[in-house]
Structure formats: structure tokens, C-alpha cells
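Data block below; observations after.
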Amino acid sequence: MSSLSILTLAPLLLFAFITTLVGIWRLKWAYAAAVIGMLLSLIAAGAGVFRVLAEGKLRHFLGGWPPPFGIEYVLDHLSAFMALIIVFIGLIAVVYPPEAGLYQPPRKGIPMYGLLLLLFAGLVGVVVTGDLFNLFVFLEIYSLASYALITLGGDRAVVASFRYLILGTIAGSFYLLGVGFIYFSTGTLNMADAAQRLVPLYSSPVVMAAVALIVIGMCIKMALFPLHVWLPDAHSYASPMVAAVLAGIQIEVAAYVVVRFMLTIFQPHYFIDVLPVTTVIGWMAAVGIIFGSVMAIAQRDFKRMLAYSTVAQVGYIGLGIGLANPLGLIGGLLHILNHAFMKSCLFLVAGGIRYKTGLHEIPKFAGLGRKMPLMMAAFTVAALSMVGIPPTAGFFSKWYLVLGSIDAGNWVFLAVILASSLLTAVYFFRMVEKLYAVPSSGDAAVEQATEPSAGILVPILVLAVGIIILGLINALIVTQLLMPVAALLPS
Amino acid sequence: MIKERYQSIIVQVICSLLIPFIQLFALYVIFHGHYGPGGGFQGGVLLAVSIILQRLYLGTEVSYRKFPPKLAPALGAIGMLVFGLAGVIPMLFGGAFLDYGNLPIPWVHGAELRALGILIVEIGIGMAVFGTLVLIFDSLIGEGW
């Protein structure tokens with residue numbers, strides 16, 4: 001029994017409240033407390049990955065009660081991988097200075113850092129828990145924290161957040177109803193126990209309904225086309241720091257839940273052959289990739305473009321699940337990691353530009369490339385990675401997805417991946433051209449722009465360098481962490 | 001909105017008589033939670049109701065002096081911290097998360113220690129619910145924030 005799963009979660013939960021408490025007296029201390037909490041959690045998450053690599057699955061029984069009676073927390077290759085991504089991106093977002101990350105500083109008494117840590121606690125909880133109902137609790141914790149955080153973006157964000165709240169609650173209820181059906185049929189909520197008891201019930205309509213409800217609920221949460229309607233507003237009106245977290249890690253956790261149900265709780269052939277779950281997800285994702293990319297080209301606002309690009313990028317993750325072969329799933333899971341780095345980097349750049357110049361529309365960015373060379377270099381790295389140019393990380397996840405499509409003999413998916421790379425290139429190179437090639441229009445905001453302070457620059461550069469490092473070490477991540485996960489699928 | 005004191009003498013007397021009994025009953029519900037119906041959540045709601053009732057009949061001007069609005073988020077956070085620490089401290093002494101059997105209280109053992117552990121958690125939850133509900137009420141009436 002190892003405590004590393006709970007040790008990743010506990011600092012986040014405890015410091016969410018310590019941060020709130022010290023924030024009542026001194027706002028500066030809240031920042032410090034949040035960073036300490038994230039660092040403690042990052043140490044545990046890093047140690048968790050190494051222990052999992054050395055020993056395999058780590059289990060922790062809450063309160064000392066063994067499953068299936070007690071709640072168990074499980075750290076395996078997939079959850080250790082997800083937990084490390086969540087905590088790392090979370091740390092970057094927390095370190096990012098709030099004056100650039102938020103449009104306006106939150107009113108006194110609004111525990112912004114407490115909410116952020118609670119959001120990360122919910123996300124980590126979802127990936128480490130081995131209990132179906134406990135997963136729902138953490139799902140609601142992170143959802144409620146995100147609704148509140150989105151509203152910090154101003155008046156339009158409140159409306160967007162309310163729309164997301166309604167759809168998110170529907171998604172949460174679908175999940176709960178599905179878990180309820182599983183509980184009626186098996187009498188257990190423990191994932192490992194349910195996995196065994198579900199096998200003889202595979203032909204039961206109740207279990208089929210449960211799978212349908214859970215998958216639809218999670219598709220709403222991960223904004224898979226055509227259930228993405230809440231995402232563009234919520235992510236483009238939220239403050240940059242919040243948007244970075246939401247697009248980078250929050251929606252991917254729902255994809256994790258689908259993968260967890262497909263691989264661990266049910267046997268993969270149930271999702272592939274008995275029910276057409278992976279086929280439906282795959283085709284929805286393929287349409288979503290094209291739709292998101294085309295819509296992103298049509299946007300003038302930088303953050304709105306990024307939000308539509310998220311719809312497309314989530315499609316890649318969905319495509320990885322939909323291909324349902326080891327190479328495709330590796331591509332999808334690797335894209336979770338790469339997208340977390342790329343999209344958070346881009347949203348933080350959007351925050352930096354907005355803070356230094358007040359600009360948010362792409363046509364007005366002309367000439368900024370020379371004024372902020374370092375930040376725009378980071379932007380360019382992230383943009384190249386989104387398009388998928390080696391050696392940036394984005395190339396490799398697309399490469400595995402291409403291999404997976406060839407393996408499955410699905411030439412439409414292959415064409416979609418290649419076409420969407422071109423479309424992504426259109427909307428990012430259009431912006432790179434504005435930044436570097438088009439001369440400044442003489443706009444005062446651009447003329448007076450300078451490189452932002454180190455506090456803004458360092459998190460962005462860490463992510464940009466991370467994108468290149470991830471590209472270089474991707475073989476290591478794939479063989480050590482993702483191969484054991486994908487090996488559960490029939491090739 | 002509710003700055004003024006409520007005018008009717010009957011309402012004032014009844015409320016001021018009721019509030020101590022509500023609070024006493026709330027404490028009973030919290031401390032009895034692990035033996036019978038009730039617990040931290042229900043007791044915390046009752047405690048919050050007593051403060052909300054006070055806000056309604058005394059008006060916020062007086063009531064904010066008796067129970068400052070800043071206390072509400074602090075109570076909520078402290079309550080959750082008590083819960084979190086009751087979970088983490090047993091881990092320092094070789095148990096699992098929330099394994100009350102390993103709480104470092106030397107003069108209590110076995111089942112009694114577990115009962116004491118769940119009581120600590122109930123008190124934490126009670127404080128958290130108390131603080132949060134008052135905070136929600138204060139935010140809704142929008143005064144002093």
C-alpha cells in the first residue's frame with residue numbers, strides 16, 4: 001500500500017483552505033501559500049510516476065478499509081501520467097502573475113487561489129480515485145470551481161459560465177445516472193470489483209444504458225463536437241490564466257474518464273464491438289477537428305481563435321480513443337500531454353499581450369514580433385507544435401494518430417488529420433505573418449510595447465521549452481508510460 | 001436592504017428567545033451525529049440558520065457587529081482544514097488517509113478512538129457548512145462585500 005496517490009491530492013485540498021484563510025488577511029500570502037501547495041503536490045506526483053514505473057499499480061485504502069467496502073485510490077501508469085500533467089500545468093498557472101492572468105483583480109473576499117487549488121484537487125481526485133461514486137464527487141468539485149473561476153472574466157463571462165453550468169450539470173447528472181445503473185446491476189462502486197461483476201451482465205440493457213449515459217456525459221465535459229457549444233464562449237471570455245487551465249487540463253480529464261471506462265471498468269471489446277462507442281466518438285471527433293479548425297480561421301479575436309482550436313484539438317484526443325488500437329490510443333494520450341503544454345502556453349501569451357498592450361484582435365498585432373521577441377518566440381514554438389512540425393511535441397502525437405489510422409485502415413481519419421494540419425497552419429501562420437512580416441500600422445499600443453516582466457515571461461518560456469523537450473523525449477514517455485496502457489487494447 | 005431593525009416587538013422577542021435554543025440544538029445534532037440521525041452538515045445548517053435569523057431581525061448593521069461577515073469564509077476554511085488534518089495526521093503515524101485508529105491521542109484506544117476521530121471530522125464539517133451558508137447569505141444580500 002502506498003500513499004503517493006493521496007499525497008498528491010492532500011496538499012491541494014489542504015492548501016486550498018490555507019490559501020483562503022491567509023488570503024483574508026494578506027493577498028500576497030495567498031499567492032505564496034498556493035505556490036507551496038502546488039510544489040508539494042508536484043513532488044508527490046513526480047515521485048508517483050517513478051514509483052509506478054518501478055513497481056506498477058499503487059493502491060491506497062481510505063480509512064484503512066479494504067475495497068470493495070472502502071474507497072480505494074489507485075495510481076497506475078495512466079493516472080500517474082495524468083496527475084503529473086495536471087499538477088505541472090497547475091503550478092505554471094498559479095505562478096503566472098494575477099495582474100496579467102486576470103482581466104481585473106478579484107474583489108476582496110473572493111478566494112481566487114483557493115478556487116484554483118480546489119479545481120486542481122478535483123482534477124487530481126478524478127484521475128487517482130478507484131471508486132465510481134468518488135469520481136463523481138471530484139467531477140463536481142472541479143466543475144463547480146471552474147464555473148466560479150470563469151465568472152472572474154467579467155460580465156460576458158458570467159453568461160458563458162451560466163450556460164456551461166447548465167450543460168455541465170446535465171453532464172454530471174448523466175454520469176451519476178450511469179453510475180447508478182451500474183450500482184443497481186452489480187451492487188458495487190469499486191472500479192476493479194465492478195469490472196469483474198460487469199462481465200456476465202454485458203448483454204443487459206441497463207448496463208448498455210449506463211455506458212451510453214456516461215459516455216455522453218463525458219463527451220459534453222470534454223466538448224467533443226457536436227456537444228462543444230458551451231466551450232467557445234466559456235474559454236474566450238474567461239481570464240487568460242483560467243482559460244489556460246480549462247483548455248490545458250480541465251477538459252482532458254473527461255477524456256481520461258472515457259479511457260478509464262473503456263480499458264479498466266469494461267473490457268475494450270465491449271466499447272469497440274458490442275456497442276459502437278469508439279466508432280461514434282471517432283466520427284464525432286473527426287467532424288469536430290474540421291469544424292473547429294474552420295471556425296478558428298474565421299475568428300478575429302485571439303482567444304476566441306484559441307477556443308475554437310481547442311474544439312479541434314480535443315477532436316484529436318477523441319480520434320485516438322475512436323481508433324481503438326494501441327497506436328491510436330498512444331497518439332490520443334500523448335496529445336493530452338502536448339495539448340496541455342501548447343494551449344496553456346498560447347493562452348498565457350494572450351494574457352501577456354493583453355496586459356502589455358491591451359490588444360486582443362489578431363489584425364492589430366502587426367509588428368508585435370519585434371517588440372516582444374522572447375514572448376513571440378514562445379508563441380511561435382507553440383504554434384509550430386500545434387501545426388505539427390518536428391521536433392516540437394505536436395508532431396509526434398499526430399504521427400502516432402496517423403500510424404493508428406493506417407493500422408485501422410481508416411483512410412478518412414488519415415485525410416482528416418492531414419487536412420486539419422493544413423487548416424491549423426492557415427490560422428497560426430496568418431498570425432505569425434502579422435507578428436513578424438507585416439509592418440506595424442503605427443498603432444500607439446504596438447509602438448510602445450515592450451517585453452513583459454520576468455514573472456510573465458518565465459512561465460511562458462518554461463512551457464515553450466517544455467514543448468521542445470517533450471518532442472525530444474517523447475519516445476521515452478511512450479515506451480515507459482503509455483505502452484503499458486495501450487497494451488490493454490487488441491491490436 | 002435589511003439595514004434596519006425589524007419593527008415588530010413580537011418578532012424581536014420571539015427571535016431573540018429562539019436563537020439560543022436553535023444553537024443548542026445544532027450543537028446536539030453535531031455531537032450526536034455518529035450515534036443517531038444528524039451530523040456535521042445538519043448541525044452546521046442549523047447554526048447558520050441562527051445567524052441568518054439574527055441578520056433578518058436585527059438588521060445587518062447590528063448583526064455584522066455580533067457576527068462579522070469576514071468570520072464566515074474563515075470559519076468555512078478552518079472547518080475544512082480540521083477535516084483535512086484529521087485525514088492527514090493519521091498518515092504521519094503510519095495509517096491510511098482518514099484512518100482515525102492512528103490518531104495520536106495516547107489515552108484513547110480502539111473503537112473509542114475511531115468514534116472520536118469521526119467526531120472531529122463532524123465538527124470540521126459543521127464549521128465549514130456554518131461558515132459557507134452564512135457566506136452565501138451575506139453574498140446574496142450584497143452588503144459589506
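Simple scheme: letters A, B, ... for chains in C-alpha cells order, numbers from 1 for residues in each chain, numbers from 1 for ligands in the order shown.
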Each residue of chain B lying at most 6 Å from chain A should get a row with its shortest atom-to-atom pair and the distance in Å to one decimal, counting only C-alpha atoms; could you produce that, ordered by chain and increasing number, as JSON lines?
{"residue": "B:Ala74", "atom": "CA", "partner": "A:Leu21", "partner_atom": "CA", "distance": 5.6}
{"residue": "B:Ala77", "atom": "CA", "partner": "A:Phe17", "partner_atom": "CA", "distance": 4.8}
{"residue": "B:Gly84", "atom": "CA", "partner": "A:Leu14", "partner_atom": "CA", "distance": 6.0}
{"residue": "B:Ala96", "atom": "CA", "partner": "A:Gly64", "partner_atom": "CA", "distance": 5.4}
{"residue": "B:Phe97", "atom": "CA", "partner": "A:Leu62", "partner_atom": "CA", "distance": 5.2}
{"residue": "B:Leu98", "atom": "CA", "partner": "A:Gly63", "partner_atom": "CA", "distance": 4.5}
{"residue": "B:Asp99", "atom": "CA", "partner": "A:Gly63", "partner_atom": "CA", "distance": 3.8}
Residue neighbourhood Leu92 of chain B, 10 Å, only C-alpha atoms, exclusion window fewer than 3 positions, as a PyMOL selection string:
chain B and resi 87-89+95-97+102-104
How would the residues just picked look written out with N, CA and C atoms as a PDB file, in the first residue's frame?
ATOM      1  N   GLY B  87      -7.644  13.865   8.341  1.00  0.00           N
ATOM      2  CA  GLY B  87      -7.294  12.856   7.351  1.00  0.00           C
ATOM      3  C   GLY B  87      -5.799  12.649   7.253  1.00  0.00           C
ATOM      4  N   VAL B  88      -5.036  13.754   7.297  1.00  0.00           N
ATOM      5  CA  VAL B  88      -3.602  13.657   7.016  1.00  0.00           C
ATOM      6  C   VAL B  88      -2.804  13.199   8.238  1.00  0.00           C
ATOM      7  N   ILE B  89      -3.203  13.651   9.439  1.00  0.00           N
ATOM      8  CA  ILE B  89      -2.394  13.329  10.623  1.00  0.00           C
ATOM      9  C   ILE B  89      -2.245  11.820  10.834  1.00  0.00           C
ATOM     10  N   GLY B  95      -0.837   5.293   9.373  1.00  0.00           N
ATOM     11  CA  GLY B  95      -2.119   4.762   8.912  1.00  0.00           C
ATOM     12  C   GLY B  95      -2.426   5.223   7.502  1.00  0.00           C
ATOM     13  N   ALA B  96      -3.655   5.007   7.081  1.00  0.00           N
ATOM     14  CA  ALA B  96      -4.098   5.498   5.784  1.00  0.00           C
ATOM     15  C   ALA B  96      -4.770   6.854   5.984  1.00  0.00           C
ATOM     16  N   PHE B  97      -5.164   7.495   4.858  1.00  0.00           N
ATOM     17  CA  PHE B  97      -5.900   8.760   4.931  1.00  0.00           C
ATOM     18  C   PHE B  97      -7.221   8.515   5.655  1.00  0.00           C
ATOM     19  N   ASN B 102      -5.378   5.621  13.965  1.00  0.00           N
ATOM     20  CA  ASN B 102      -3.985   6.023  14.158  1.00  0.00           C
ATOM     21  C   ASN B 102      -3.829   7.468  14.596  1.00  0.00           C
ATOM     22  N   LEU B 103      -4.914   8.099  15.064  1.00  0.00           N
ATOM     23  CA  LEU B 103      -4.772   9.464  15.567  1.00  0.00           C
ATOM     24  C   LEU B 103      -3.903   9.440  16.823  1.00  0.00           C
ATOM     25  N   PRO B 104      -2.987  10.401  16.953  1.00  0.00           N
ATOM     26  CA  PRO B 104      -2.050  10.357  18.085  1.00  0.00           C
ATOM     27  C   PRO B 104      -2.664  10.876  19.379  1.00  0.00           C
TER      28      PRO B 104
END
Considering only C-alpha atoms, return as a PyMOL selection string whatever protein or nucleic-acid residues lie within 9 Å of Pro391 of chain A, sequence-local ones (same chain, fewer than 3 positions apart) excluded.
chain A and resi 385+388+394-396+468-469+471-472
Would you mind exporting C-alpha atoms of the selected residues as a tab-separated table (two decimals), in the first residue's frame?
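result.tsv written:
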chain	number	residue	atom	x	y	z
A	385	SER	CA	3.73	22.47	-32.34
A	388	GLY	CA	2.74	19.57	-36.02
A	394	GLY	CA	2.76	18.25	-31.52
A	395	PHE	CA	4.30	16.38	-34.44
A	396	PHE	CA	4.69	13.14	-32.52
A	468	ILE	CA	10.57	21.08	-27.48
A	469	ILE	CA	11.86	18.83	-24.67
A	471	GLY	CA	9.21	16.39	-28.53
A	472	LEU	CA	12.73	15.11	-27.96
DSSP helix (DSSP H, G or I) residues within chain B, as a PyMOL selection string:
chain B and resi 9-31+40-58+60-66+71-92+100-102+110-141
Leaving out segment 365-370 of chain A and any residue of its chain fewer than 3 positions from it, which residues lie within 6 Å of it when counting only C-alpha atoms, given as a list of chain:residue names?
A:Ile362, A:Pro373, A:Met376, A:Lys434, A:Leu435, A:Tyr436, A:Val438, A:Pro439, A:Ser440
Put those residues in a file: N, CA and C atoms, as a CSV table (one decimal), in the first residue's frame.
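Result saved to again.csv:
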chain,number,residue,atom,x,y,z
A,362,ILE,N,-6.5,39.9,-33.6
A,362,ILE,CA,-5.2,39.5,-34.3
A,362,ILE,C,-4.8,40.5,-35.4
A,373,PRO,N,10.3,40.1,-28.5
A,373,PRO,CA,10.9,38.9,-29.2
A,373,PRO,C,10.8,37.6,-28.5
A,376,MET,N,7.1,36.3,-28.2
A,376,MET,CA,6.6,35.8,-29.5
A,376,MET,C,7.4,34.6,-30.0
A,434,LYS,N,1.4,38.2,-39.3
A,434,LYS,CA,1.1,39.5,-38.8
A,434,LYS,C,2.2,40.0,-37.8
A,435,LEU,N,2.7,39.0,-37.0
A,435,LEU,CA,3.6,39.4,-35.9
A,435,LEU,C,5.0,39.8,-36.5
A,436,TYR,N,5.4,39.1,-37.5
A,436,TYR,CA,6.8,39.3,-38.0
A,436,TYR,C,6.9,40.0,-39.3
A,438,VAL,N,4.3,41.7,-41.4
A,438,VAL,CA,3.6,42.9,-41.7
A,438,VAL,C,4.1,44.0,-40.9
A,439,PRO,N,4.5,45.2,-41.5
A,439,PRO,CA,5.0,46.3,-40.7
A,439,PRO,C,3.9,46.9,-39.8
A,440,SER,N,4.4,47.4,-38.7
A,440,SER,CA,3.5,48.0,-37.7
A,440,SER,C,2.6,49.1,-38.4
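When only C-alpha atoms are used to compute distances to Gly320 of chain A, the closest of the residues A:Leu401, A:Leu84, A:Leu91, A:Val158 turns out to be A:Leu401.
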Tell me which of B:Val82, B:Leu133, B:Val13, B:Leu71 sits closest to Phe41 of chain B, counting only C-alpha atoms.
B:Leu133
In terms of only C-alpha atoms, the residue from B:Leu116, B:Gly124, B:Val129, B:Leu18 at minimal distance from Tyr35 of chain B is B:Leu116
If I take atom CA of Phe21 of chain B and atom CA of Val45 of chain B, how far is one from the other in Å, to one decimal?
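Answer for the atom CA of Phe21 of chain B to atom CA of Val45 of chain B separation: 14.1 Å.
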Who sits within 10 Å of segment 202-217 of chain A, only C-alpha atoms, same chain under 6 positions skipped, as a PyMOL selection string:
chain A and resi 167-186+223-224+227+254-255+257-259+261-262+266-267+270-271+274-275+277-278+281
Grab the residues selected above and save them as a JSON list (two decimals), in the first residue's frame with N, CA and C atoms.
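Contents of again.json, freshly written:
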[["chain", "number", "residue", "atom", "x", "y", "z"],
["A", 167, "LEU", "N", -25.09, 23.03, -18.92],
["A", 167, "LEU", "CA", -24.66, 21.85, -19.67],
["A", 167, "LEU", "C", -23.79, 20.94, -18.82],
["A", 168, "GLY", "N", -22.92, 21.54, -18.00],
["A", 168, "GLY", "CA", -22.04, 20.74, -17.15],
["A", 168, "GLY", "C", -22.83, 19.96, -16.12],
["A", 169, "THR", "N", -23.90, 20.57, -15.61],
["A", 169, "THR", "CA", -24.72, 19.85, -14.63],
["A", 169, "THR", "C", -25.44, 18.69, -15.30],
["A", 170, "ILE", "N", -25.92, 18.91, -16.56],
["A", 170, "ILE", "CA", -26.55, 17.81, -17.28],
["A", 170, "ILE", "C", -25.54, 16.68, -17.44],
["A", 171, "ALA", "N", -24.31, 17.05, -17.81],
["A", 171, "ALA", "CA", -23.27, 16.03, -17.99],
["A", 171, "ALA", "C", -23.03, 15.29, -16.69],
["A", 172, "GLY", "N", -22.94, 16.04, -15.58],
["A", 172, "GLY", "CA", -22.70, 15.40, -14.29],
["A", 172, "GLY", "C", -23.84, 14.47, -13.91],
["A", 173, "SER", "N", -25.10, 14.90, -14.20],
["A", 173, "SER", "CA", -26.23, 14.04, -13.85],
["A", 173, "SER", "C", -26.23, 12.78, -14.71],
["A", 174, "PHE", "N", -25.85, 12.92, -16.00],
["A", 174, "PHE", "CA", -25.77, 11.74, -16.86],
["A", 174, "PHE", "C", -24.79, 10.74, -16.27],
["A", 175, "TYR", "N", -23.63, 11.27, -15.84],
["A", 175, "TYR", "CA", -22.63, 10.37, -15.27],
["A", 175, "TYR", "C", -23.19, 9.67, -14.03],
["A", 176, "LEU", "N", -23.83, 10.47, -13.16],
["A", 176, "LEU", "CA", -24.34, 9.91, -11.90],
["A", 176, "LEU", "C", -25.41, 8.85, -12.18],
["A", 177, "LEU", "N", -26.28, 9.15, -13.17],
["A", 177, "LEU", "CA", -27.33, 8.19, -13.53],
["A", 177, "LEU", "C", -26.69, 6.90, -14.04],
["A", 178, "GLY", "N", -25.67, 7.05, -14.85],
["A", 178, "GLY", "CA", -24.97, 5.87, -15.38],
["A", 178, "GLY", "C", -24.37, 5.05, -14.26],
["A", 179, "VAL", "N", -23.71, 5.73, -13.31],
["A", 179, "VAL", "CA", -23.11, 5.02, -12.19],
["A", 179, "VAL", "C", -24.21, 4.37, -11.35],
["A", 180, "GLY", "N", -25.35, 5.06, -11.23],
["A", 180, "GLY", "CA", -26.47, 4.47, -10.51],
["A", 180, "GLY", "C", -26.90, 3.16, -11.15],
["A", 181, "PHE", "N", -27.01, 3.16, -12.49],
["A", 181, "PHE", "CA", -27.40, 1.93, -13.20],
["A", 181, "PHE", "C", -26.39, 0.82, -12.95],
["A", 182, "ILE", "N", -25.09, 1.18, -12.98],
["A", 182, "ILE", "CA", -24.07, 0.15, -12.74],
["A", 182, "ILE", "C", -24.21, -0.38, -11.31],
["A", 183, "TYR", "N", -24.52, 0.53, -10.39],
["A", 183, "TYR", "CA", -24.66, 0.11, -8.99],
["A", 183, "TYR", "C", -25.86, -0.82, -8.80],
["A", 184, "PHE", "N", -27.00, -0.50, -9.49],
["A", 184, "PHE", "CA", -28.16, -1.41, -9.41],
["A", 184, "PHE", "C", -27.77, -2.80, -9.88],
["A", 185, "SER", "N", -27.01, -2.84, -10.99],
["A", 185, "SER", "CA", -26.76, -4.14, -11.61],
["A", 185, "SER", "C", -25.70, -4.95, -10.88],
["A", 186, "THR", "N", -24.70, -4.27, -10.30],
["A", 186, "THR", "CA", -23.59, -5.02, -9.73],
["A", 186, "THR", "C", -23.54, -4.95, -8.21],
["A", 223, "ALA", "N", -16.17, 18.54, -24.39],
["A", 223, "ALA", "CA", -16.50, 19.42, -25.51],
["A", 223, "ALA", "C", -16.23, 18.78, -26.85],
["A", 224, "LEU", "N", -16.60, 17.51, -26.99],
["A", 224, "LEU", "CA", -16.45, 16.83, -28.27],
["A", 224, "LEU", "C", -17.59, 17.30, -29.17],
["A", 227, "LEU", "N", -21.13, 18.44, -29.07],
["A", 227, "LEU", "CA", -21.52, 18.81, -27.71],
["A", 227, "LEU", "C", -20.61, 19.91, -27.16],
["A", 254, "ALA", "N", -11.98, 14.69, -18.69],
["A", 254, "ALA", "CA", -13.17, 13.94, -19.11],
["A", 254, "ALA", "C", -12.78, 12.86, -20.12],
["A", 255, "ALA", "N", -11.79, 13.17, -20.97],
["A", 255, "ALA", "CA", -11.31, 12.15, -21.92],
["A", 255, "ALA", "C", -10.68, 11.00, -21.14],
["A", 257, "VAL", "N", -11.62, 9.95, -18.27],
["A", 257, "VAL", "CA", -12.70, 9.12, -17.72],
["A", 257, "VAL", "C", -13.19, 8.12, -18.77],
["A", 258, "VAL", "N", -13.34, 8.61, -20.02],
["A", 258, "VAL", "CA", -13.79, 7.70, -21.08],
["A", 258, "VAL", "C", -12.79, 6.57, -21.26],
["A", 259, "VAL", "N", -11.48, 6.93, -21.28],
["A", 259, "VAL", "CA", -10.45, 5.90, -21.47],
["A", 259, "VAL", "C", -10.48, 4.92, -20.30],
["A", 261, "PHE", "N", -13.02, 4.08, -18.43],
["A", 261, "PHE", "CA", -14.17, 3.18, -18.55],
["A", 261, "PHE", "C", -13.92, 2.15, -19.65],
["A", 262, "MET", "N", -13.30, 2.59, -20.74],
["A", 262, "MET", "CA", -13.10, 1.68, -21.86],
["A", 262, "MET", "C", -12.11, 0.59, -21.49],
["A", 266, "PHE", "N", -14.71, -1.55, -18.17],
["A", 266, "PHE", "CA", -15.24, -2.50, -19.13],
["A", 266, "PHE", "C", -14.06, -3.09, -19.90],
["A", 267, "GLN", "N", -14.31, -4.23, -20.55],
["A", 267, "GLN", "CA", -13.25, -4.74, -21.41],
["A", 267, "GLN", "C", -13.33, -4.00, -22.74],
["A", 270, "TYR", "N", -16.00, -4.48, -25.44],
["A", 270, "TYR", "CA", -17.38, -4.03, -25.21],
["A", 270, "TYR", "C", -17.61, -2.67, -25.84],
["A", 271, "PHE", "N", -16.63, -1.80, -25.73],
["A", 271, "PHE", "CA", -16.75, -0.45, -26.30],
["A", 271, "PHE", "C", -16.52, -0.45, -27.81],
["A", 274, "VAL", "N", -19.20, -4.67, -29.15],
["A", 274, "VAL", "CA", -20.57, -4.89, -28.69],
["A", 274, "VAL", "C", -21.38, -3.60, -28.84],
["A", 275, "LEU", "N", -20.86, -2.50, -28.34],
["A", 275, "LEU", "CA", -21.50, -1.21, -28.53],
["A", 275, "LEU", "C", -20.60, -0.37, -29.44],
["A", 277, "VAL", "N", -19.33, 2.42, -29.36],
["A", 277, "VAL", "CA", -18.93, 3.65, -28.67],
["A", 277, "VAL", "C", -17.73, 4.30, -29.35],
["A", 278, "THR", "N", -16.68, 3.50, -29.60],
["A", 278, "THR", "CA", -15.47, 4.11, -30.16],
["A", 278, "THR", "C", -15.72, 4.62, -31.57],
["A", 281, "ILE", "N", -17.50, 7.98, -31.17],
["A", 281, "ILE", "CA", -16.57, 9.01, -30.69],
["A", 281, "ILE", "C", -15.60, 9.40, -31.81]]
Which residues are near Gly154 of chain A? Cut-off 10 Å, only C-alpha atoms, ignore same chain within fewer than 2 positions. Put them as a VMD selection string.
chain A and resid 102 to 104 150 to 152 156 to 159 237 to 239
Now that the selection is made, can you save its residues with C-alpha atoms as a compact mmCIF listing (two decimals), in the first residue's frame?
# COMPACT_ATOMS: atom_id res chain seq x y z
CA LEU A 102 -6.92 38.09 -14.78
CA TYR A 103 -8.69 40.97 -16.52
CA GLN A 104 -9.45 42.60 -13.23
CA ILE A 150 -14.88 31.57 -15.38
CA THR A 151 -17.09 34.31 -13.91
CA LEU A 152 -13.94 36.24 -12.90
CA ARG A 156 -19.99 38.28 -20.60
CA ALA A 157 -18.08 35.54 -18.81
CA VAL A 158 -20.89 35.27 -16.26
CA VAL A 159 -23.41 34.44 -19.00
CA TYR A 237 -14.43 35.17 -22.07
CA ALA A 238 -12.63 33.57 -19.12
CA SER A 239 -9.45 35.30 -17.96
